Structures are given as structure tokens and as C-alpha cells.
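For reference, the structure discussed in these notes is given below.
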Amino acid sequence: MDIRHLRYFLAIADARSISAAAQAIGVAQPSLSQHLHRMEEELSVRLVERSARGTKLTDEGRILVDHARGICDRLDQCVAEMRELGGAVRGRVSFGMPPSCSMIMSVPLAETVRLELPQVRLRAIETMSGYLRAWLQDGTVDIAFIYDLKDLGGMRSTHVLDEELFFYSAPDAWPLDTPPGTPVPLASLQNIDMILPSSGLRALIEEYCTAHDVRLSVVVEMDALTQIKELVARGSGYTIFAPVAAQDFVKRGELLRAPIVAPTMTRPVHLVRSPVRATTRACRAVEAMTLDVARELVRRGIWEGTLA
């Protein structure tokens, strides 16, 4: 049995009909049936059940499909990478970014890739961090910015920086007796109407609160960064963000920020590579470029944080 037999078997599994598979891959039906018969004889198992309605995989056939896909995919990845080695860096790279990272990174990274890697096509996808975790695991994206590495197994990651989290209020709706913008103890936020996302950043905030016996009053949950900022700017509640997420509203004077103390709250930012996508030269080049751009943004004070 060789790679050709595995590809033939996958065609039968996908088409669920030997005749349809034969037509799809351009092989005579009798020849394809003979290949299948030889595989079954060699493995001493029945791989498909034949009927007038087509073919149906047996339990053994489903197990072989999983192995065959993995083997064929790895071979395709190997061939693609070998072909890349002989020429310029080229190809497509899908990059997943949470909204706050996208606000600061997507434009300068896209400009840098276009200038320095003209044959690389960067696809930047902005979505909530919960989706990015699944997309890394199923190969929808090649790389992504992730805040929490929990449950990501052995994925290759690089700790890029740590962001401090701040409390945000409308300038004319400061809720405390202290001067607006002065440091805010976490415990002082217990009776304040908070607007937070339902996951991602929310989980980190809850960890800090639990560790310091603080219970926040969350009146609105919303997985939409811009809408949260709009609500807070209108005085409908208060929130906690990293500076990069709200710098546009702060710059326009629509939001006021204050450091959180006792404790100071920080969030790590990691660059993570999908374990199921081929690690191409294009992907490695974009990874390296991402780290360079991120570090330069931090050094210039555009992305507030401490480099790891």
C-alpha cells in the first residue's frame, strides 16, 4: 500500500460511491475497485460496505480515513515547503487578532509585509479571542495573538508583552470620591455598574477579583469592543480595558482612564502558531516581522506595555 492507494481510498470515502470517486479522480471504475480490494486484502479488514446506494465506511474504514488524511496532508505540506525553499518567500498567511490587538497592529503589519514581503498575501482576521482559540486548533488561521494559553496544549507560542489594565469612565461621570483619573483600588469598584465582555478579558478580571475577594456588579455583557466604549462614554456604566483598546476614545476626550491598584492588573499577549497548519517560510517570516513591529510599537509608546 502506498500514498496513491490512500488517496484513492479518500476519494471513495468522500464521494461515498466508487463510480463517483472514479470520475472525480480520473481512474477507471474497475481499476479503482481492484485497488480497494487489494487494500482490504493487505489489511485483512473490510473497509467499505457496498450497496445499490453507494458505499458506506466500516468502523475500520473510518479509522483508516483519519490516518490517511493525516499522512496525505503531511506529504502535501512537505512538498509545498520544499518547493518554497528554492525561491522567494511567497504564499498566504492567515493571522487572527482580537479587536484590541487589531486596532494597533493590523495596519502597520500589513504595510510592512507589503513592503518587505511583496509575494506574501496577509489575511488579517479580527474576532473575539474565544474564536481564535478554536481557529488555531482547527487550522482556520496560521497564527494568532492570544491572551490566555490555558488549554492550548503544546502549541508553539512567543510571549510578546504584558499590558496593564485600566479603569475607564466617562469624563463627566467619575463614580468615586477621589479626583478623576487617580489610581483606583480594585475593591472600590464593587458597587459600580460595570460593562464587560462575556469571555476572554472577563475571565482574567474575574481571576483577579476572586483572588482578592472582590465581587463586581456587571450590568451589561457585550462582546463588542466599540459598543462597550460607546456605552461607557455615554455614562451608562464603566469598564476595564488595556490602554490599546480605548486609546482612540481617550485621545478624543470621550473616555477617562485610571490605573487600578491593590492589585495592579496585567494581561500577557502571546503570538501562537497553529499546530495543524504547515509552517511555511511565509508564516515564519510574518511571525518574525510581527515581533519586530510589536516591539517597535512598544518602544515608541504606541502600544503601552512591557516587553517580555
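We label chains A, B, ... in the order they appear in the C-alpha cells, count residues from 1 in each chain, and number ligands from 1 in the order shown.
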Can you check which residues of region 64-235 of chain A DSSP gives as strand (DSSP E or B) on the backbone and send them as JSON, numbers by chain? {"A": [91, 92, 93, 94, 95, 96, 97, 120, 121, 122, 123, 124, 125, 126, 143, 144, 145, 146, 157, 158, 159, 160, 161, 162, 163, 164, 166, 167, 168, 169, 184, 185, 193, 194, 195, 196, 217, 218, 219, 220, 221]}
Just the residues within 9 Å of Gly235 (chain A), please, counting only C-alpha atoms, with nothing from its chain fewer than 5 positions along; format it as a PyMOL selection string. chain A and resi 169-174+230
Pairwise distance, CA of Pro275 (chain A) with CA of His67 (chain A), equals 16.7 Å
Quick one: residues within 10 Å of Ser199 (chain A), only C-alpha atoms, excluding same-chain residues fewer than 5 positions away - as a PyMOL selection string? chain A and resi 128-130+204-206+221-223
Excluding Ile302 (chain A) and any residue of its chain fewer than 2 positions from it, enumerate the residues within 10 Å of it, using only C-alpha atoms, and give them as a count of residues only. 12
Separation of CA of Ala134 (chain A) from CA of Thr264 (chain A) in Å: 29.8 Å
Quick check for you: according to DSSP on this backbone, which residues of region 74-244 of chain A are classed as alpha helix (DSSP H)? Reply as a PyMOL selection string. chain A and resi 74-85+99-116+129-138+201-211+225-233+243-244
In terms of the shortest atom-to-atom distance over only C-alpha atoms, which of A:Lys150, A:Tyr8, A:Phe241, A:Met39 is closest to Met194 (chain A)?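 Under the stated criterion, the closest residue is A:Phe241.
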